[in-house]
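Trainee: Supplied in structure tokens, the structure appears directly below.
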Amino acid sequence: MVMPLLAQDDLAAARLRRMKLTATALLAAAASLYVLSLSFHGTAVGFLRSGAEAAMVGGLADWFAVTALFRRPLGLPIPHTGLVPRKKDELATKLGEFVTGHFLTREVVVEQVPQADVVSRLGRFLAEPEVADRLAVEVAFNAGVLLEALDEKAVVASALELLRRDQARRSYAPVLGRVLDRAIEGGTQRPLVDVVVSRSKTYLRAHREELVPQAREFVSHRGWLASLLVTDKRIRGVLDGLADTLEAVERDPQHPVRQWLDGLLRTFAAELQHDRHTAAKLDVLLARLLEDPQAQAALHDVIADAIVSIRESLADADGDLQQRIAGLICSLGSRAVHDAEFRGRIESVLEAVVGHAVDNYGDELTSLIRTQVARWDATSASQRIELAVGRDLQFIRINGTAVGAMAGLTIHAVTLALP
């Protein structure tokens with residue numbers, strides 16, 4: 001794959017050409033001085049010739065070394081030249097291993113998390129009301145899209161499978177018992193009792209005549225004497241009396257029946273937590289419910305209605321849900337700035353996540369570098385690398401020419417000084 005040159009590459013190429021011309025001009029100047037020195041004689045000329053000659057040697061040697069990195073000098077098939085084009089894949093592997101081995105390590109990266117102050121900076125950003133409002137809109141929109149894409153049947157199937165596995169792993173009875181206990185202590189059960197009492201009263205009065213034959217049949221199975229003593233009139237009286245009692249319970253928050261129901265619920269909550277037989281019965285009942293088609297259909301309807309309701313709330317730009325999301329984002333941002341303990345917990349989580357990513361996916365960087373470089377054309381890859389570092393390498397040529405000249409002068413002076 002040939003890599004296209006970017007706009008900044010044109011500038012780099014121009015600077016590289018200037019440095020090449022400078023280094024070549026210095027080498028040419030040394031060669032000119034050497035040729036000029038051949039026409040004269042004398043001690044001073046000897047120093048000039050020795051310095052120019054050594055400068056040419058140093059400049060040519062460094063030109064060869066620099067050029068051999070990227071191409072064959074003068075196109076000649078000299079061994080161990082054109083190293084970058086020939087060794088680009090190996091160099092890419094070594095570069096990736098160097099980065100992941102010395103820079104992209106758990107210790108180095110995790111150390112940067114608190115130093116970079118990522119959590120506080122992000123917190124200050126999120127604490128801005130305008131930012132929180134914009135993010136709330138984005139969160140609501142994307143959550144709505146996600147809910148739109150959900151398959152309700154797949155969600156129900158996943159929920160049932162999760163419940164089956166969890167129910168097989170542990171008993172729900174103690175949990176439900178504790179929940180029921182807390183509900184009774186806080187009076188949370190009262191609205192439920194009100195609904196049950198009200199609906200039962202209404203049902204008894206609306207369906208009294210339908211219940212009479214059912215009650216009559218129930219009594220007839222209790223013996224001939226019971227069937228003689230219990231008449232339809234008495235059954236109606238019992239049903240009416242029961243409805244009146246429920247109406248009294250509905251009106252009086254301190255009715256004895258309510259207290260009896262609370263006591264019954266407390267007993268049931270205690271049995272759920274401490275009675276193995278009650279817990280076992282509840283677990284069996286829950287297992288049957290999970291396999292009951294009607295219960296599964298009811299769960300599907302609940303989940304479907306919940307998804308529709310949440311989606312509609314998310315889509316309402318002026319609704320309470322988006323405002324709550326914005327408030328939550330703003331609150332989290334403020335806590336990240338002002339609550340040191342909360343910020344520390346977030347940083348610990350972030351360090352764990354970053355460390356896990358480095359441990360498990362750091363080697364992917366080596367693979368990415370190797371794969372990407374392998375796709376590059378050898379010539380264009382060499383050109384790109386030369387653009388990046390070639391200008392600095394031209395200083396090696398300049399230094400080689402200058403150092404060679406000084407070495408030549410020094411050697412010539414030592415030679416004259418020897419007897």
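Residues are named by chain letter and number: chains run A, B, ... in the order of the structure tokens, numbers start at 1 in each chain, and ligands are numbered from 1 in the order shown.
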Please identify all polymer residues within 12 Å of Leu261 of chain A, counting only C-alpha atoms, omitting same-chain residues fewer than 2 positions from it, and present them as a list of chain:residue names.

Mentor: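 Those residues are A:Ile184, A:Gln189, A:Arg190, A:Leu192, A:Val193, A:Asp194, A:Val196, A:Val197, A:Val249, A:Gln254, A:His255, A:Pro256, A:Val257, A:Arg258, A:Gln259, A:Gly263, A:Leu264, A:Leu265, A:Arg266, A:Thr267, A:Phe268.
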
Trainee: For the residues selected in the previous step, produce a file with N, CA and C atoms as a PDB file, in the first residue's frame.

Mentor:
ATOM      1  N   ILE A 184     -43.499  -3.819  56.038  1.00  0.00           N
ATOM      2  CA  ILE A 184     -44.463  -3.710  57.137  1.00  0.00           C
ATOM      3  C   ILE A 184     -44.022  -2.640  58.130  1.00  0.00           C
ATOM      4  N   GLN A 189     -47.048  -1.732  53.046  1.00  0.00           N
ATOM      5  CA  GLN A 189     -48.053  -2.720  52.648  1.00  0.00           C
ATOM      6  C   GLN A 189     -49.468  -2.143  52.659  1.00  0.00           C
ATOM      7  N   ARG A 190     -49.656  -0.979  53.291  1.00  0.00           N
ATOM      8  CA  ARG A 190     -51.017  -0.445  53.461  1.00  0.00           C
ATOM      9  C   ARG A 190     -51.702  -0.121  52.135  1.00  0.00           C
ATOM     10  N   LEU A 192     -51.309  -1.593  49.368  1.00  0.00           N
ATOM     11  CA  LEU A 192     -51.664  -2.882  48.766  1.00  0.00           C
ATOM     12  C   LEU A 192     -52.887  -3.474  49.465  1.00  0.00           C
ATOM     13  N   VAL A 193     -52.917  -3.361  50.798  1.00  0.00           N
ATOM     14  CA  VAL A 193     -54.083  -3.855  51.544  1.00  0.00           C
ATOM     15  C   VAL A 193     -55.332  -3.073  51.147  1.00  0.00           C
ATOM     16  N   ASP A 194     -55.202  -1.763  50.984  1.00  0.00           N
ATOM     17  CA  ASP A 194     -56.344  -0.949  50.573  1.00  0.00           C
ATOM     18  C   ASP A 194     -56.884  -1.405  49.226  1.00  0.00           C
ATOM     19  N   VAL A 196     -56.539  -4.406  47.788  1.00  0.00           N
ATOM     20  CA  VAL A 196     -57.140  -5.739  47.907  1.00  0.00           C
ATOM     21  C   VAL A 196     -58.515  -5.653  48.572  1.00  0.00           C
ATOM     22  N   VAL A 197     -58.614  -4.880  49.647  1.00  0.00           N
ATOM     23  CA  VAL A 197     -59.893  -4.757  50.366  1.00  0.00           C
ATOM     24  C   VAL A 197     -60.948  -4.116  49.473  1.00  0.00           C
ATOM     25  N   VAL A 249     -63.382  -1.958  56.963  1.00  0.00           N
ATOM     26  CA  VAL A 249     -61.910  -2.008  56.953  1.00  0.00           C
ATOM     27  C   VAL A 249     -61.354  -0.926  56.038  1.00  0.00           C
ATOM     28  N   GLN A 254     -57.435   1.921  61.402  1.00  0.00           N
ATOM     29  CA  GLN A 254     -57.060   1.179  62.603  1.00  0.00           C
ATOM     30  C   GLN A 254     -57.978  -0.021  62.850  1.00  0.00           C
ATOM     31  N   HIS A 255     -58.634  -0.490  61.828  1.00  0.00           N
ATOM     32  CA  HIS A 255     -59.578  -1.618  61.978  1.00  0.00           C
ATOM     33  C   HIS A 255     -58.827  -2.866  62.447  1.00  0.00           C
ATOM     34  N   PRO A 256     -59.454  -3.655  63.343  1.00  0.00           N
ATOM     35  CA  PRO A 256     -58.800  -4.875  63.847  1.00  0.00           C
ATOM     36  C   PRO A 256     -58.389  -5.846  62.732  1.00  0.00           C
ATOM     37  N   VAL A 257     -59.159  -5.871  61.643  1.00  0.00           N
ATOM     38  CA  VAL A 257     -58.800  -6.772  60.543  1.00  0.00           C
ATOM     39  C   VAL A 257     -57.459  -6.361  59.929  1.00  0.00           C
ATOM     40  N   ARG A 258     -57.237  -5.065  59.866  1.00  0.00           N
ATOM     41  CA  ARG A 258     -55.953  -4.583  59.353  1.00  0.00           C
ATOM     42  C   ARG A 258     -54.812  -5.059  60.262  1.00  0.00           C
ATOM     43  N   GLN A 259     -55.018  -4.932  61.562  1.00  0.00           N
ATOM     44  CA  GLN A 259     -53.995  -5.384  62.494  1.00  0.00           C
ATOM     45  C   GLN A 259     -53.770  -6.891  62.377  1.00  0.00           C
ATOM     46  N   GLY A 263     -50.308  -8.694  61.307  1.00  0.00           N
ATOM     47  CA  GLY A 263     -49.722  -9.795  62.073  1.00  0.00           C
ATOM     48  C   GLY A 263     -49.499 -11.029  61.215  1.00  0.00           C
ATOM     49  N   LEU A 264     -50.475 -11.301  60.350  1.00  0.00           N
ATOM     50  CA  LEU A 264     -50.334 -12.449  59.457  1.00  0.00           C
ATOM     51  C   LEU A 264     -49.135 -12.272  58.519  1.00  0.00           C
ATOM     52  N   LEU A 265     -48.966 -11.049  58.006  1.00  0.00           N
ATOM     53  CA  LEU A 265     -47.838 -10.786  57.113  1.00  0.00           C
ATOM     54  C   LEU A 265     -46.506 -10.876  57.858  1.00  0.00           C
ATOM     55  N   ARG A 266     -46.484 -10.411  59.116  1.00  0.00           N
ATOM     56  CA  ARG A 266     -45.247 -10.513  59.896  1.00  0.00           C
ATOM     57  C   ARG A 266     -44.878 -11.972  60.149  1.00  0.00           C
ATOM     58  N   THR A 267     -45.880 -12.769  60.448  1.00  0.00           N
ATOM     59  CA  THR A 267     -45.627 -14.195  60.661  1.00  0.00           C
ATOM     60  C   THR A 267     -45.091 -14.846  59.389  1.00  0.00           C
ATOM     61  N   PHE A 268     -45.703 -14.483  58.277  1.00  0.00           N
ATOM     62  CA  PHE A 268     -45.266 -15.049  56.994  1.00  0.00           C
ATOM     63  C   PHE A 268     -43.841 -14.607  56.677  1.00  0.00           C
TER      64      PHE A 268
END

Trainee: Within 10 Å of Ala23 of chain A, counting only C-alpha atoms, which residues qualify if same-chain residues fewer than 3 places away don't, as a PyMOL selection string?

Mentor: chain A and resi 17-20+26-29+59+63+394-401

Trainee: List as a compact mmCIF listing (two decimals) with N, CA and C atoms, in the first residue's frame the protein and nucleic acid residues near Val308 of chain A, meaning an atom at most 10 Å away when only C-alpha atoms are counted, but skip any in the same chain fewer than 6 places from it.

Mentor:
# COMPACT_ATOMS: atom_id res chain seq x y z
N GLY A 144 -33.14 5.64 23.84
CA GLY A 144 -34.37 5.37 23.11
C GLY A 144 -34.12 4.53 21.87
N LEU A 147 -33.52 0.97 23.05
CA LEU A 147 -34.78 0.32 23.43
C LEU A 147 -35.61 -0.03 22.21
N GLU A 148 -35.55 0.84 21.19
CA GLU A 148 -36.29 0.57 19.95
C GLU A 148 -35.79 -0.69 19.28
N LEU A 314 -38.31 9.03 27.55
CA LEU A 314 -37.02 9.50 27.02
C LEU A 314 -37.21 10.45 25.85

Trainee: If I take atom CA of Ser171 of chain A and atom CA of Ala279 of chain A, how far is one from the other in Å, to one decimal?

Mentor: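 Computed distance, atom CA of Ser171 of chain A to atom CA of Ala279 of chain A, equals 7.3 Å.
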
Trainee: Find the residues around segment 128-130 of chain A up to 9 Å (only C-alpha atoms counted), leave out those fewer than 3 positions away in its own chain, and share them as a compact mmCIF listing (two decimals) with N, CA and C atoms, in the first residue's frame.

Mentor:
# COMPACT_ATOMS: atom_id res chain seq x y z
N GLY A 123 -15.08 15.91 35.93
CA GLY A 123 -16.14 16.35 36.84
C GLY A 123 -16.49 17.81 36.64
N ARG A 124 -15.48 18.67 36.50
CA ARG A 124 -15.74 20.09 36.26
C ARG A 124 -16.49 20.30 34.95
N PHE A 125 -16.17 19.49 33.97
CA PHE A 125 -16.86 19.59 32.68
C PHE A 125 -18.32 19.17 32.81
N ASP A 133 -27.13 19.25 30.37
CA ASP A 133 -28.36 19.24 29.57
C ASP A 133 -28.11 18.62 28.19
N ARG A 134 -26.99 18.99 27.57
CA ARG A 134 -26.69 18.42 26.25
C ARG A 134 -26.46 16.92 26.33
N LEU A 135 -25.71 16.50 27.35
CA LEU A 135 -25.45 15.08 27.51
C LEU A 135 -26.73 14.31 27.82
N ALA A 326 -30.17 14.87 33.47
CA ALA A 326 -29.28 16.04 33.50
C ALA A 326 -28.86 16.34 34.94
N GLY A 327 -29.80 16.28 35.86
CA GLY A 327 -29.48 16.53 37.26
C GLY A 327 -28.50 15.50 37.81
N ILE A 329 -26.24 13.78 36.04
CA ILE A 329 -24.94 14.04 35.44
C ILE A 329 -24.26 15.21 36.15
N CYS A 330 -25.00 16.27 36.36
CA CYS A 330 -24.44 17.45 37.03
C CYS A 330 -24.02 17.12 38.46
N GLY A 333 -20.80 15.08 38.42
CA GLY A 333 -19.67 15.94 38.12
C GLY A 333 -19.25 16.75 39.33
N SER A 334 -20.22 17.29 40.05
CA SER A 334 -19.91 18.08 41.24
C SER A 334 -19.26 17.23 42.32

Trainee: Pick from A:Ala269, A:Thr43, A:Ala287, A:Ala168: nearest to Leu180 of chain A, with only C-alpha atoms counted?

Mentor: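 Going through A:Ala269, A:Thr43, A:Ala287, A:Ala168 one by one, the smallest distance to Leu180 of chain A is for A:Ala269.
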
Trainee: Report, in Å to a single decimal, how far apart atom CA of Val99 of chain A and atom CA of Glu111 of chain A are.

Mentor: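 Here the two named atoms are 16.4 Å from each other.
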
Trainee: With only C-alpha atoms as the counted atoms, please give the residues lying no more than 8 Å from Pro213 of chain A, apart from itself and same-chain residues fewer than 4 positions off, as a ChimeraX atom specification.

Mentor: /A:209,217,232

Trainee: Choose the residue, out of A:Tyr203, A:Phe70, A:Trp260, A:Phe141, that has the smallest atom-to-atom separation from Ala381 of chain A; count only C-alpha atoms.

Mentor: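 So, comparing all the options, the nearest one is A:Phe70.
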
Trainee: Which residues, written as number ranges by chain, have at least one atom at most 12 Å from segment 288-294 of chain A, with only C-alpha atoms counted and residues fewer than 6 positions away on the same chain left out?

Mentor: A: 156-157, 159-168, 281-282, 300-301

Trainee: I'd like to know which of A:Gly101, A:Gln112, A:Thr410, A:Leu242 is closest to Ala54 of chain A, using only C-alpha atoms.

Mentor: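 Nearest candidate to Ala54 of chain A out of A:Gly101, A:Gln112, A:Thr410, A:Leu242: A:Thr410.
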
Trainee: For the structure I just gave you, how does DSSP split segment 10-98 of chain A - specifically, which residues are alpha helix (DSSP H)? Reply as a ChimeraX atom specification.

Mentor: /A:10-37,43-70,83-98

Trainee: To one decimal place, how far is atom CA of Gly355 of chain A from atom CA of Val110 of chain A in Å?

Mentor: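 So the answer is 6.2 Å.
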